[in-house]
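File shown: protein.txt (compact mmCIF, C-alpha atoms and all ligand atoms).
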# COMPACT_ATOMS: atom_id res chain seq x y z
CA MET B 1 0.00 0.00 0.00
CA THR B 2 1.06 3.57 -0.54
CA GLY B 3 0.15 6.70 1.41
CA PRO B 4 -2.27 9.37 0.22
CA ASP B 5 -1.35 11.24 -2.96
CA LEU B 6 -0.52 14.76 -1.80
CA ARG B 7 0.11 16.33 -5.19
CA VAL B 8 -1.99 19.42 -5.90
CA ILE B 9 -4.06 19.24 -9.09
CA ALA B 10 -4.45 22.59 -10.91
CA PRO B 11 -8.16 23.42 -11.45
CA GLU B 12 -7.25 25.67 -14.39
CA ASP B 13 -4.26 25.78 -16.73
CA ASP B 14 -3.53 27.08 -20.23
CA ARG B 15 -2.81 23.53 -21.34
CA TYR B 16 -6.32 22.30 -20.53
CA ASN B 17 -8.50 21.88 -23.62
CA ALA B 18 -11.19 19.45 -22.43
CA THR B 19 -13.56 18.66 -19.55
CA LEU B 20 -14.54 15.52 -17.63
CA VAL B 21 -18.25 15.42 -18.48
CA ALA B 22 -19.32 12.02 -17.14
CA ARG B 23 -18.00 9.47 -14.69
CA SER B 24 -19.44 6.22 -13.48
CA ASP B 25 -17.69 3.89 -11.07
CA GLU B 26 -18.04 0.16 -11.75
CA THR B 27 -16.06 -0.76 -8.62
CA GLU B 28 -13.67 1.10 -6.29
CA SER B 29 -10.91 0.72 -8.83
CA LEU B 30 -12.67 0.56 -12.21
CA GLY B 31 -14.45 3.49 -13.78
CA TYR B 32 -15.90 4.88 -16.99
CA PHE B 33 -14.78 8.44 -17.72
CA THR B 34 -16.11 10.61 -20.55
CA ILE B 35 -14.02 13.58 -21.66
CA LYS B 36 -15.07 16.20 -24.16
CA PHE B 37 -12.98 18.72 -26.07
CA ASP B 38 -13.79 22.42 -25.61
CA GLY B 39 -13.74 22.78 -29.39
CA PRO B 40 -14.87 20.38 -32.11
CA ALA B 41 -14.22 16.67 -31.64
CA VAL B 42 -11.19 15.16 -33.36
CA PRO B 43 -12.22 12.14 -35.47
CA PHE B 44 -10.79 8.77 -34.46
CA GLU B 45 -11.06 5.16 -35.52
CA SER B 46 -12.27 2.50 -33.11
CA GLY B 47 -9.20 0.85 -31.58
CA GLN B 48 -7.25 4.10 -31.34
CA TYR B 49 -6.36 5.84 -28.08
CA MET B 50 -6.44 9.33 -26.61
CA THR B 51 -3.90 10.68 -24.13
CA ILE B 52 -5.42 12.48 -21.15
CA GLY B 53 -3.79 14.35 -18.33
CA VAL B 54 -3.92 16.94 -15.59
CA ILE B 55 -1.38 19.34 -14.13
CA ALA B 56 -0.18 18.19 -10.71
CA ASP B 57 2.37 20.22 -8.75
CA GLY B 58 2.91 22.23 -11.94
CA ARG B 59 3.73 19.19 -14.13
CA LEU B 60 1.59 17.64 -16.84
CA VAL B 61 0.92 13.99 -15.91
CA GLN B 62 -0.74 12.10 -18.76
CA ARG B 63 -1.41 8.58 -20.02
CA PRO B 64 -2.92 6.93 -23.13
CA TYR B 65 -6.33 5.20 -23.05
CA SER B 66 -8.17 3.22 -25.73
CA VAL B 67 -11.49 4.85 -26.54
CA ALA B 68 -14.48 2.64 -25.70
CA SER B 69 -17.19 4.80 -27.24
CA ASP B 70 -18.44 4.95 -30.79
CA PRO B 71 -16.53 7.50 -32.90
CA GLY B 72 -19.96 8.71 -34.02
CA VAL B 73 -20.71 10.25 -30.61
CA ALA B 74 -17.38 12.03 -30.04
CA GLU B 75 -18.87 15.38 -31.06
CA SER B 76 -22.12 15.11 -29.09
CA GLU B 77 -20.99 13.16 -26.02
CA GLY B 78 -17.18 13.00 -25.95
CA TYR B 79 -14.77 10.09 -25.60
CA GLU B 80 -15.59 7.34 -23.12
CA LEU B 81 -12.64 5.58 -21.50
CA TYR B 82 -12.68 2.52 -19.24
CA ILE B 83 -9.89 2.78 -16.70
CA ARG B 84 -8.39 0.78 -13.84
CA LEU B 85 -6.98 2.60 -10.81
CA VAL B 86 -3.35 1.51 -10.33
CA ASN B 87 -2.38 1.97 -6.69
CA GLY B 88 0.95 3.78 -6.56
CA GLY B 89 0.58 4.81 -10.21
CA GLN B 90 1.55 8.27 -11.44
CA PHE B 91 -1.68 9.26 -13.19
CA THR B 92 -4.70 7.17 -12.17
CA PRO B 93 -4.67 8.23 -8.47
CA LEU B 94 -4.96 11.83 -9.74
CA LEU B 95 -7.78 10.92 -12.15
CA TRP B 96 -9.72 9.23 -9.33
CA GLN B 97 -9.75 12.55 -7.41
CA LEU B 98 -11.37 14.54 -10.23
CA PRO B 99 -14.95 15.72 -9.77
CA LEU B 100 -17.30 16.04 -12.73
CA GLY B 101 -16.65 19.20 -14.68
CA HIS B 102 -12.92 19.19 -13.90
CA ARG B 103 -10.70 20.56 -16.63
CA MET B 104 -8.23 18.23 -18.37
CA ARG B 105 -5.78 18.01 -21.23
CA MET B 106 -6.55 15.57 -24.03
CA ILE B 107 -4.60 14.89 -27.23
CA GLY B 108 -4.92 12.28 -29.95
CA PRO B 109 -6.04 10.09 -31.47
CA LYS B 110 -3.11 7.77 -32.06
CA GLY B 111 -2.63 4.08 -32.69
CA LYS B 112 -2.84 1.44 -35.39
CA PHE B 113 -4.91 -1.18 -33.54
CA THR B 114 -7.83 -0.75 -35.90
CA LEU B 115 -10.10 -3.00 -37.94
CA LEU B 116 -9.25 -3.99 -41.48
CA PRO B 117 -11.78 -2.68 -43.99
CA ASP B 118 -14.49 -5.04 -45.30
CA ASP B 119 -13.26 -8.05 -43.37
CA ASP B 120 -15.98 -10.69 -43.22
CA ARG B 121 -14.03 -13.23 -41.17
CA THR B 122 -15.07 -13.93 -37.58
CA HIS B 123 -13.40 -11.41 -35.27
CA LEU B 124 -11.87 -13.07 -32.21
CA PHE B 125 -11.44 -10.31 -29.62
CA ILE B 126 -9.27 -11.36 -26.65
CA SER B 127 -8.88 -9.02 -23.67
CA SER B 128 -7.81 -8.89 -20.05
CA GLY B 129 -9.42 -6.34 -17.74
CA THR B 130 -9.88 -2.91 -19.31
CA GLY B 131 -8.38 -4.26 -22.54
CA ASN B 132 -11.98 -4.82 -23.63
CA ALA B 133 -12.41 -1.06 -24.31
CA PRO B 134 -11.29 -0.93 -27.98
CA PHE B 135 -13.51 -3.91 -28.83
CA VAL B 136 -16.55 -2.23 -27.34
CA SER B 137 -15.85 0.82 -29.51
CA MET B 138 -15.43 -1.37 -32.60
CA MET B 139 -18.73 -3.17 -32.03
CA ARG B 140 -20.60 0.04 -31.17
CA ARG B 141 -19.39 1.58 -34.42
CA LEU B 142 -20.17 -1.46 -36.57
CA ALA B 143 -23.62 -1.73 -35.00
CA ARG B 144 -24.40 1.93 -35.69
CA GLU B 145 -23.23 1.61 -39.28
CA GLY B 146 -25.47 -1.42 -39.73
CA HIS B 147 -22.56 -3.69 -40.70
CA PRO B 148 -21.87 -5.81 -37.61
CA ARG B 149 -19.14 -8.43 -38.03
CA ARG B 150 -19.50 -11.78 -36.31
CA ALA B 151 -17.43 -11.60 -33.13
CA VAL B 152 -16.28 -13.91 -30.36
CA PHE B 153 -15.44 -11.69 -27.42
CA LEU B 154 -13.23 -13.06 -24.63
CA ASN B 155 -12.68 -10.99 -21.48
CA GLY B 156 -10.70 -12.22 -18.50
CA VAL B 157 -10.85 -10.68 -15.02
CA SER B 158 -9.97 -11.71 -11.47
CA TYR B 159 -13.45 -11.17 -9.99
CA GLN B 160 -16.85 -11.44 -11.62
CA HIS B 161 -17.85 -7.87 -10.67
CA GLU B 162 -14.93 -6.58 -12.76
CA LEU B 163 -16.54 -7.59 -16.06
CA GLY B 164 -16.98 -4.12 -17.52
CA TYR B 165 -19.56 -3.68 -20.30
CA ARG B 166 -20.98 -7.09 -19.38
CA SER B 167 -24.63 -6.05 -19.54
CA LEU B 168 -24.12 -4.17 -22.82
CA VAL B 169 -22.51 -7.16 -24.53
CA GLU B 170 -24.87 -9.71 -22.96
CA GLY B 171 -27.74 -7.54 -24.17
CA TRP B 172 -26.42 -7.58 -27.74
CA ALA B 173 -25.96 -11.33 -27.62
CA ALA B 174 -29.38 -12.00 -26.07
CA SER B 175 -31.34 -9.76 -28.45
CA GLY B 176 -29.30 -10.77 -31.49
CA SER B 177 -28.76 -7.06 -32.24
CA TYR B 178 -25.02 -7.79 -32.56
CA PRO B 179 -23.78 -11.24 -33.64
CA VAL B 180 -21.40 -11.70 -30.73
CA THR B 181 -20.57 -14.76 -28.64
CA TYR B 182 -19.54 -13.37 -25.25
CA VAL B 183 -17.07 -15.52 -23.31
CA PRO B 184 -16.16 -13.95 -19.96
CA THR B 185 -13.76 -15.81 -17.68
CA VAL B 186 -12.89 -15.31 -14.02
CA SER B 187 -9.54 -16.39 -12.60
CA ARG B 188 -9.80 -16.45 -8.77
CA ARG B 189 -11.63 -19.67 -8.07
CA THR B 190 -11.53 -19.58 -4.29
CA ALA B 191 -12.34 -15.89 -3.75
CA PRO B 192 -15.64 -15.35 -1.87
CA GLU B 193 -16.44 -12.54 -4.36
CA ASN B 194 -16.70 -15.17 -7.08
CA GLU B 195 -19.23 -17.34 -5.29
CA GLY B 196 -22.09 -18.17 -7.61
CA TRP B 197 -20.07 -17.61 -10.80
CA ASN B 198 -21.25 -20.18 -13.28
CA GLY B 199 -19.20 -19.16 -16.28
CA ARG B 200 -15.67 -20.17 -17.24
CA TRP B 201 -12.76 -20.25 -14.84
CA GLY B 202 -9.15 -19.37 -15.54
CA ARG B 203 -7.12 -16.65 -17.15
CA VAL B 204 -8.24 -15.60 -20.59
CA GLU B 205 -5.12 -16.99 -22.29
CA SER B 206 -5.99 -20.46 -20.95
CA ILE B 207 -9.37 -20.52 -22.71
CA VAL B 208 -8.16 -19.47 -26.17
CA ALA B 209 -7.48 -23.01 -27.42
CA PRO B 210 -10.70 -24.59 -26.08
CA VAL B 211 -12.83 -21.72 -27.40
CA CYS B 212 -11.23 -22.04 -30.87
CA ASP B 213 -11.99 -25.76 -30.82
CA GLU B 214 -15.55 -25.38 -29.58
CA LEU B 215 -16.47 -22.63 -32.03
CA GLY B 216 -14.44 -23.84 -35.00
CA LEU B 217 -12.21 -20.75 -35.17
CA THR B 218 -9.33 -21.40 -37.56
CA PRO B 219 -6.84 -19.35 -39.57
CA ALA B 220 -9.13 -19.87 -42.56
CA ASN B 221 -12.13 -18.12 -41.01
CA THR B 222 -10.88 -15.88 -38.18
CA ILE B 223 -8.93 -12.66 -37.58
CA VAL B 224 -7.66 -12.08 -34.04
CA TYR B 225 -7.23 -8.90 -31.99
CA ILE B 226 -5.69 -9.06 -28.50
CA CYS B 227 -5.50 -6.21 -25.98
CA GLY B 228 -4.41 -5.65 -22.39
CA ASN B 229 -1.80 -7.19 -20.13
CA PRO B 230 1.45 -8.00 -22.03
CA ASP B 231 1.99 -11.43 -20.47
CA MET B 232 -1.53 -12.45 -21.46
CA ILE B 233 -0.97 -11.16 -24.99
CA LEU B 234 2.28 -13.06 -25.48
CA SER B 235 0.77 -16.26 -24.17
CA ALA B 236 -2.43 -16.01 -26.25
CA GLU B 237 -0.38 -15.12 -29.32
CA GLU B 238 1.86 -18.15 -28.82
CA THR B 239 -1.20 -20.40 -28.63
CA LEU B 240 -2.61 -18.95 -31.86
CA LEU B 241 0.67 -19.06 -33.79
CA GLY B 242 0.99 -22.68 -32.65
CA ARG B 243 -2.42 -23.34 -34.21
CA GLY B 244 -1.24 -22.03 -37.57
CA PHE B 245 -2.40 -18.39 -37.40
CA PRO B 246 0.03 -16.26 -39.41
CA GLU B 247 1.56 -13.34 -37.45
CA ASP B 248 -0.26 -10.72 -39.48
CA GLN B 249 -3.59 -12.32 -38.57
CA VAL B 250 -3.02 -11.70 -34.85
CA LYS B 251 -3.08 -7.99 -33.98
CA THR B 252 -2.00 -6.81 -30.54
CA GLU B 253 -2.16 -3.75 -28.29
CA LEU B 254 -0.02 -3.87 -25.12
CA TYR B 255 -1.12 -1.63 -22.24
CA TRP B 256 2.34 -1.59 -20.71
CA PRO B 257 5.77 -3.04 -21.56
CA LYS B 258 6.32 -6.65 -20.57
CA GLY B 259 7.86 -7.06 -17.12
CA LYS B 260 6.95 -3.60 -15.83
CA GLU B 261 5.09 -3.37 -12.52
CA PRO B 262 3.70 -0.20 -10.90
CA ARG B 263 6.17 1.49 -8.56
CA GLY B 264 3.90 1.54 -5.52
CA GLY B 265 2.62 -2.02 -5.92
CA GLU B 266 -1.02 -3.02 -6.22
C1 LIG B 301 -2.12 2.25 -26.15
C2 LIG B 301 -2.53 2.14 -24.70
C3 LIG B 301 -3.86 2.13 -24.36
C4 LIG B 301 -4.25 1.99 -23.02
N1 LIG B 301 -5.57 1.95 -22.71
C5 LIG B 301 -5.95 1.73 -21.42
C6 LIG B 301 -7.35 1.60 -21.10
O1 LIG B 301 -8.24 1.69 -21.96
N2 LIG B 301 -7.68 1.40 -19.79
C7 LIG B 301 -6.72 1.30 -18.80
O2 LIG B 301 -7.08 1.11 -17.63
N3 LIG B 301 -5.40 1.41 -19.10
C8 LIG B 301 -5.00 1.64 -20.37
N4 LIG B 301 -3.67 1.80 -20.67
C9 LIG B 301 -2.70 1.88 -19.55
C10 LIG B 301 -2.56 3.37 -19.11
O3 LIG B 301 -1.97 4.14 -20.13
C11 LIG B 301 -1.69 3.56 -17.85
O4 LIG B 301 -0.50 2.84 -17.99
C12 LIG B 301 -2.40 3.08 -16.60
O5 LIG B 301 -3.62 3.79 -16.41
C13 LIG B 301 -1.53 3.26 -15.36
O6 LIG B 301 -1.14 4.62 -15.28
P1 LIG B 301 -0.52 5.19 -13.94
O7 LIG B 301 0.22 6.45 -14.29
O8 LIG B 301 -1.55 5.28 -12.87
O9 LIG B 301 0.53 4.08 -13.52
P2 LIG B 301 2.10 4.07 -13.81
O10 LIG B 301 2.82 4.84 -12.74
O11 LIG B 301 2.36 4.52 -15.20
O12 LIG B 301 2.37 2.53 -13.64
C14 LIG B 301 2.25 1.73 -14.80
C15 LIG B 301 2.13 0.30 -14.37
O13 LIG B 301 0.77 0.07 -13.96
C16 LIG B 301 0.34 -1.21 -14.37
N5 LIG B 301 -0.83 -1.02 -15.27
C17 LIG B 301 -0.96 -0.14 -16.30
N6 LIG B 301 -2.18 -0.22 -16.87
C18 LIG B 301 -2.85 -1.14 -16.18
C19 LIG B 301 -4.16 -1.67 -16.30
N7 LIG B 301 -5.04 -1.21 -17.21
N8 LIG B 301 -4.51 -2.64 -15.43
C20 LIG B 301 -3.64 -3.08 -14.48
N9 LIG B 301 -2.38 -2.62 -14.32
C21 LIG B 301 -1.99 -1.67 -15.16
C22 LIG B 301 1.52 -1.83 -15.09
O14 LIG B 301 2.23 -2.64 -14.20
C23 LIG B 301 2.34 -0.66 -15.52
O15 LIG B 301 3.70 -0.96 -15.68
C24 LIG B 301 -3.26 1.91 -22.00
C25 LIG B 301 -1.91 1.94 -22.36
C26 LIG B 301 -1.53 2.03 -23.68
C27 LIG B 301 -0.06 2.03 -24.02
Show me this structure written as structure tokens.
Amino acid sequence: MTGPDLRVIAPEDDRYNATLVARSDETESLGYFTIKFDGPAVPFESGQYMTIGVIADGRLVQRPYSVASDPGVAESEGYELYIRLVNGGQFTPLLWQLPLGHRMRMIGPKGKFTLLPDDDRTHLFISSGTGNAPFVSMMRRLAREGHPRRAVFLNGVSYQHELGYRSLVEGWAASGSYPVTYVPTVSRRTAPENEGWNGRWGRVESIVAPVCDELGLTPANTIVYICGNPDMILSAEETLLGRGFPEDQVKTELYWPKGKEPRGGE
């Protein structure tokens, strides 16, 4: 554990160009944050990220986040981000202190983790934790455009209450409004918080092979996108390459470099 963060966040600064317009907390350490530019929205592609920050003790502290919202609502609503609080982290403890209406800096978009045009293969989306954000944006966009692509959406978390966007995706699957097979998995078998969980157990990388077998996902009919924790990505990628997927059919977005842990510990 670390002590309280005593840095002073500037309420106003010339570098601010955006405002926190919505915030909803999924758990104590997972939240949805919507940030809107003061001026016109900057267009982005689903899968890209924005970099957001605040000034603390006179210094700009900023980090990149995949956008989870549909690019089509950036102008009217802003950019929705799904973020985990990292205890001892440089930026997220500051973000968690911000009230609605707080001023922020936002730049972007950046990133190449985007969908290929007119790809009618099944899209296998593999994510750990908040790594589900770009996939939610992709499906929201495709749904709005009326061209949904068949998707198999894997999301791995430690505790069942950490399954962000669960009701949205379950709703799509149940109503058939988006052709998605949702496969959440929970890793901590003995945790009391997971009592009553009747879905899959284990880390998301451990269910890649069985899910491919059960659903008939092969290099001939599937394109893969993986996002989140670097160890998970490397392991899932290894499984897929071992099953004959060519490297350019497995696209990845790492949220931090392999082997790097937060300074203050979790
Ligand atoms: C392209 C890109 C997109 C990203 N999109 C998201 C996103 O949509 N949602 C999100 O929560 N994070 C996302 N991140 C991670 C984010 O940029 C920050 O690294 C994270 O919020 C921690 O920042 P910090 O300053 O609080 O911690 P730092 O002081 O920078 O500590 C970083 C360490 O925190 C840990 N860490 C970082 N991100 C996470 C995470 N999501 N879950 C668990 N541990 C983590 C890692 O050990 C990392 O080395 C993304 C990163 C990249 C490169």
Report as a tab-separated table: every residue of chain B with an atom at most 9 Å from ligand LIG 301 (chain B), its closest pair of atoms, and their distance in Å to one decimal, counting only C-alpha atoms and all ligand atoms, with rows sorted by chain and ascending residue number.
residue	atom	partner	partner_atom	distance
B:Leu30	CA	B:LIG301	O2	7.8
B:Gly31	CA	B:LIG301	O2	8.6
B:Gln48	CA	B:LIG301	C1	7.5
B:Tyr49	CA	B:LIG301	C3	5.8
B:Met50	CA	B:LIG301	C3	8.0
B:Thr51	CA	B:LIG301	O3	7.9
B:Val61	CA	B:LIG301	O7	7.7
B:Gln62	CA	B:LIG301	O7	7.3
B:Arg63	CA	B:LIG301	O3	4.5
B:Pro64	CA	B:LIG301	O3	4.2
B:Tyr65	CA	B:LIG301	N1	3.4
B:Ser66	CA	B:LIG301	O1	4.1
B:Val67	CA	B:LIG301	O1	6.4
B:Ala68	CA	B:LIG301	O1	7.3
B:Leu81	CA	B:LIG301	O1	5.9
B:Tyr82	CA	B:LIG301	N2	5.2
B:Ile83	CA	B:LIG301	O2	3.4
B:Arg84	CA	B:LIG301	O2	4.0
B:Leu85	CA	B:LIG301	O8	6.4
B:Val86	CA	B:LIG301	O8	4.9
B:Asn87	CA	B:LIG301	O8	7.1
B:Gly88	CA	B:LIG301	O10	6.5
B:Gly89	CA	B:LIG301	O10	3.4
B:Gln90	CA	B:LIG301	O7	3.6
B:Phe91	CA	B:LIG301	O7	3.6
B:Thr92	CA	B:LIG301	O8	3.7
B:Pro93	CA	B:LIG301	O8	6.1
B:Leu94	CA	B:LIG301	O8	8.0
B:Leu95	CA	B:LIG301	O8	8.4
B:Lys110	CA	B:LIG301	C1	8.1
B:Gly111	CA	B:LIG301	C1	6.8
B:Phe113	CA	B:LIG301	C1	8.6
B:Ser128	CA	B:LIG301	N8	8.4
B:Gly129	CA	B:LIG301	N8	6.6
B:Thr130	CA	B:LIG301	N2	4.9
B:Gly131	CA	B:LIG301	O1	6.0
B:Asn132	CA	B:LIG301	O1	7.7
B:Ala133	CA	B:LIG301	O1	5.5
B:Pro134	CA	B:LIG301	O1	7.2
B:Cys227	CA	B:LIG301	C3	8.7
B:Gly228	CA	B:LIG301	N7	6.9
B:Asn229	CA	B:LIG301	N8	7.1
B:Glu253	CA	B:LIG301	C1	6.4
B:Leu254	CA	B:LIG301	C27	6.0
B:Tyr255	CA	B:LIG301	C25	3.7
B:Trp256	CA	B:LIG301	O15	5.2
B:Pro257	CA	B:LIG301	O15	6.6
B:Lys258	CA	B:LIG301	O15	7.9
B:Gly259	CA	B:LIG301	O15	7.5
B:Lys260	CA	B:LIG301	O15	4.2
B:Glu261	CA	B:LIG301	O14	3.4
B:Pro262	CA	B:LIG301	C15	3.8
B:Arg263	CA	B:LIG301	O10	6.3
B:Gly264	CA	B:LIG301	O10	8.0
B:Gly265	CA	B:LIG301	O14	8.3
B:Glu266	CA	B:LIG301	N9	8.2
Could you write those residues out with C-alpha atoms, as an mmCIF file, in the coordinates of the input?
data_model
loop_
_atom_site.group_PDB
_atom_site.id
_atom_site.type_symbol
_atom_site.label_atom_id
_atom_site.label_comp_id
_atom_site.auth_asym_id
_atom_site.auth_seq_id
_atom_site.Cartn_x
_atom_site.Cartn_y
_atom_site.Cartn_z
ATOM 1 C CA LEU B 30 -12.670 0.560 -12.210
ATOM 2 C CA GLY B 31 -14.450 3.490 -13.780
ATOM 3 C CA GLN B 48 -7.250 4.100 -31.340
ATOM 4 C CA TYR B 49 -6.360 5.840 -28.080
ATOM 5 C CA MET B 50 -6.440 9.330 -26.610
ATOM 6 C CA THR B 51 -3.900 10.680 -24.130
ATOM 7 C CA VAL B 61 0.920 13.990 -15.910
ATOM 8 C CA GLN B 62 -0.740 12.100 -18.760
ATOM 9 C CA ARG B 63 -1.410 8.580 -20.020
ATOM 10 C CA PRO B 64 -2.920 6.930 -23.130
ATOM 11 C CA TYR B 65 -6.330 5.200 -23.050
ATOM 12 C CA SER B 66 -8.170 3.220 -25.730
ATOM 13 C CA VAL B 67 -11.490 4.850 -26.540
ATOM 14 C CA ALA B 68 -14.480 2.640 -25.700
ATOM 15 C CA LEU B 81 -12.640 5.580 -21.500
ATOM 16 C CA TYR B 82 -12.680 2.520 -19.240
ATOM 17 C CA ILE B 83 -9.890 2.780 -16.700
ATOM 18 C CA ARG B 84 -8.390 0.780 -13.840
ATOM 19 C CA LEU B 85 -6.980 2.600 -10.810
ATOM 20 C CA VAL B 86 -3.350 1.510 -10.330
ATOM 21 C CA ASN B 87 -2.380 1.970 -6.690
ATOM 22 C CA GLY B 88 0.950 3.780 -6.560
ATOM 23 C CA GLY B 89 0.580 4.810 -10.210
ATOM 24 C CA GLN B 90 1.550 8.270 -11.440
ATOM 25 C CA PHE B 91 -1.680 9.260 -13.190
ATOM 26 C CA THR B 92 -4.700 7.170 -12.170
ATOM 27 C CA PRO B 93 -4.670 8.230 -8.470
ATOM 28 C CA LEU B 94 -4.960 11.830 -9.740
ATOM 29 C CA LEU B 95 -7.780 10.920 -12.150
ATOM 30 C CA LYS B 110 -3.110 7.770 -32.060
ATOM 31 C CA GLY B 111 -2.630 4.080 -32.690
ATOM 32 C CA PHE B 113 -4.910 -1.180 -33.540
ATOM 33 C CA SER B 128 -7.810 -8.890 -20.050
ATOM 34 C CA GLY B 129 -9.420 -6.340 -17.740
ATOM 35 C CA THR B 130 -9.880 -2.910 -19.310
ATOM 36 C CA GLY B 131 -8.380 -4.260 -22.540
ATOM 37 C CA ASN B 132 -11.980 -4.820 -23.630
ATOM 38 C CA ALA B 133 -12.410 -1.060 -24.310
ATOM 39 C CA PRO B 134 -11.290 -0.930 -27.980
ATOM 40 C CA CYS B 227 -5.500 -6.210 -25.980
ATOM 41 C CA GLY B 228 -4.410 -5.650 -22.390
ATOM 42 C CA ASN B 229 -1.800 -7.190 -20.130
ATOM 43 C CA GLU B 253 -2.160 -3.750 -28.290
ATOM 44 C CA LEU B 254 -0.020 -3.870 -25.120
ATOM 45 C CA TYR B 255 -1.120 -1.630 -22.240
ATOM 46 C CA TRP B 256 2.340 -1.590 -20.710
ATOM 47 C CA PRO B 257 5.770 -3.040 -21.560
ATOM 48 C CA LYS B 258 6.320 -6.650 -20.570
ATOM 49 C CA GLY B 259 7.860 -7.060 -17.120
ATOM 50 C CA LYS B 260 6.950 -3.600 -15.830
ATOM 51 C CA GLU B 261 5.090 -3.370 -12.520
ATOM 52 C CA PRO B 262 3.700 -0.200 -10.900
ATOM 53 C CA ARG B 263 6.170 1.490 -8.560
ATOM 54 C CA GLY B 264 3.900 1.540 -5.520
ATOM 55 C CA GLY B 265 2.620 -2.020 -5.920
ATOM 56 C CA GLU B 266 -1.020 -3.020 -6.220
#
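With distances restricted to all atoms listed in the file, B:Ser177 is the closest residue to B:Pro148 from B:Ser177, B:Ser29, B:Gln160, B:Thr34.
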- Gap from atom CA of B:Glu80 to atom CA of B:Ala173 - Å, one decimal: 21.8 Å
- Starting from the point (-14.6, 11.3, -28.1), work out which residues of protein, DNA or RNA have an atom no more than 8 Å away when counting all atoms listed in the file; state them as a list in words. Thr34, Ile35, Lys36, Phe37, Ala41, Val42, Pro43, Phe44, Val67, Ser69, Asp70, Pro71, Val73, Ala74, Glu75, Glu77, Gly78, Tyr79 and Glu80 of chain B
Could you save the residues just selected, with C-alpha atoms, as an mmCIF file, in the frame of the given file?
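After the write, again-v2.cif holds the following:
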data_model
loop_
_atom_site.group_PDB
_atom_site.id
_atom_site.type_symbol
_atom_site.label_atom_id
_atom_site.label_comp_id
_atom_site.auth_asym_id
_atom_site.auth_seq_id
_atom_site.Cartn_x
_atom_site.Cartn_y
_atom_site.Cartn_z
ATOM 1 C CA THR B 34 -16.110 10.610 -20.550
ATOM 2 C CA ILE B 35 -14.020 13.580 -21.660
ATOM 3 C CA LYS B 36 -15.070 16.200 -24.160
ATOM 4 C CA PHE B 37 -12.980 18.720 -26.070
ATOM 5 C CA ALA B 41 -14.220 16.670 -31.640
ATOM 6 C CA VAL B 42 -11.190 15.160 -33.360
ATOM 7 C CA PRO B 43 -12.220 12.140 -35.470
ATOM 8 C CA PHE B 44 -10.790 8.770 -34.460
ATOM 9 C CA VAL B 67 -11.490 4.850 -26.540
ATOM 10 C CA SER B 69 -17.190 4.800 -27.240
ATOM 11 C CA ASP B 70 -18.440 4.950 -30.790
ATOM 12 C CA PRO B 71 -16.530 7.500 -32.900
ATOM 13 C CA VAL B 73 -20.710 10.250 -30.610
ATOM 14 C CA ALA B 74 -17.380 12.030 -30.040
ATOM 15 C CA GLU B 75 -18.870 15.380 -31.060
ATOM 16 C CA GLU B 77 -20.990 13.160 -26.020
ATOM 17 C CA GLY B 78 -17.180 13.000 -25.950
ATOM 18 C CA TYR B 79 -14.770 10.090 -25.600
ATOM 19 C CA GLU B 80 -15.590 7.340 -23.120
#
Env of B:Ala151: 10 Å cut, atoms = all atoms listed in the file, seq-sep filter 6 positions within chain, self excluded. Answer as a compact mmCIF listing (two decimals) with C-alpha atoms, in the frame of the given file.
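Generated output (result10.txt):
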# COMPACT_ATOMS: atom_id res chain seq x y z
CA ARG B 121 -14.03 -13.23 -41.17
CA THR B 122 -15.07 -13.93 -37.58
CA HIS B 123 -13.40 -11.41 -35.27
CA LEU B 124 -11.87 -13.07 -32.21
CA PHE B 125 -11.44 -10.31 -29.62
CA PHE B 135 -13.51 -3.91 -28.83
CA MET B 139 -18.73 -3.17 -32.03
CA TYR B 178 -25.02 -7.79 -32.56
CA PRO B 179 -23.78 -11.24 -33.64
CA VAL B 180 -21.40 -11.70 -30.73
CA THR B 181 -20.57 -14.76 -28.64
CA TYR B 182 -19.54 -13.37 -25.25
CA THR B 222 -10.88 -15.88 -38.18
CA ILE B 223 -8.93 -12.66 -37.58
CA VAL B 224 -7.66 -12.08 -34.04
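Computed from the coordinates, the atom CA of B:Arg105 to atom CA of B:Leu163 distance equals 28.2 Å.
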- Item | Atomic separation - atom CA of B:Pro219 relative to atom CA of B:Asp231, Å | 22.5 Å
- Note on the structure: If you count all atoms listed in the file, the residue of B:Leu98, B:Leu6, B:Val183, B:Ala56 closest to B:Val211 turns out to be B:Val183
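If only C-alpha atoms are the atoms counted, then among B:Ile226, B:Ala209, B:Ala174, B:Ile9 the closest residue to B:Ser127 is B:Ile226.
The neighbours of B:Glu237 here are the residues that come within 9 Å of it, using all atoms listed in the file and leaving out any residue fewer than 3 positions away in the same chain; they are Glu205, Ile226, Met232, Ile233, Leu234, Leu240, Leu241, Gly242, Phe245, Glu247, Val250, Lys251 and Thr252 of chain B.
Closest approach to B:Ile126 among B:Ser46, B:Thr114, B:Asn155, B:Ser206: B:Asn155, based on all atoms listed in the file.
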Report the centre and edge lengths, in Å to one decimal, of an axis-aligned box enclosing every atom of stretch 63-68 of chain B listed in the file, padded by 5 Å on each side, as lines of an AutoDock Vina configuration file.
center_x = -7.9
center_y = 5.6
center_z = -23.3
size_x = 23.1
size_y = 15.9
size_z = 16.5
- Query: Using only C-alpha atoms, which residue out of B:Pro210, B:Gly72, B:Pro40, B:Gly58 lies closest to B:Ala236?
  - Reply: B:Pro210
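Nearest residue to B:Thr218 among B:Thr190, B:Gln249, B:Tyr32, B:Arg203 is B:Gln249, counting only C-alpha atoms.
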- Task: Excluding B:Asp57 and any residue of its chain fewer than 3 positions from it, enumerate the residues within 9 Å of it, using all atoms listed in the file, and give them as a PyMOL selection string.
- Result: chain B and resi 7-10+60
Include C-alpha atoms and write out the residues we just selected as a compact mmCIF listing (two decimals), in the frame of the given file.
# COMPACT_ATOMS: atom_id res chain seq x y z
CA ARG B 7 0.11 16.33 -5.19
CA VAL B 8 -1.99 19.42 -5.90
CA ILE B 9 -4.06 19.24 -9.09
CA ALA B 10 -4.45 22.59 -10.91
CA LEU B 60 1.59 17.64 -16.84
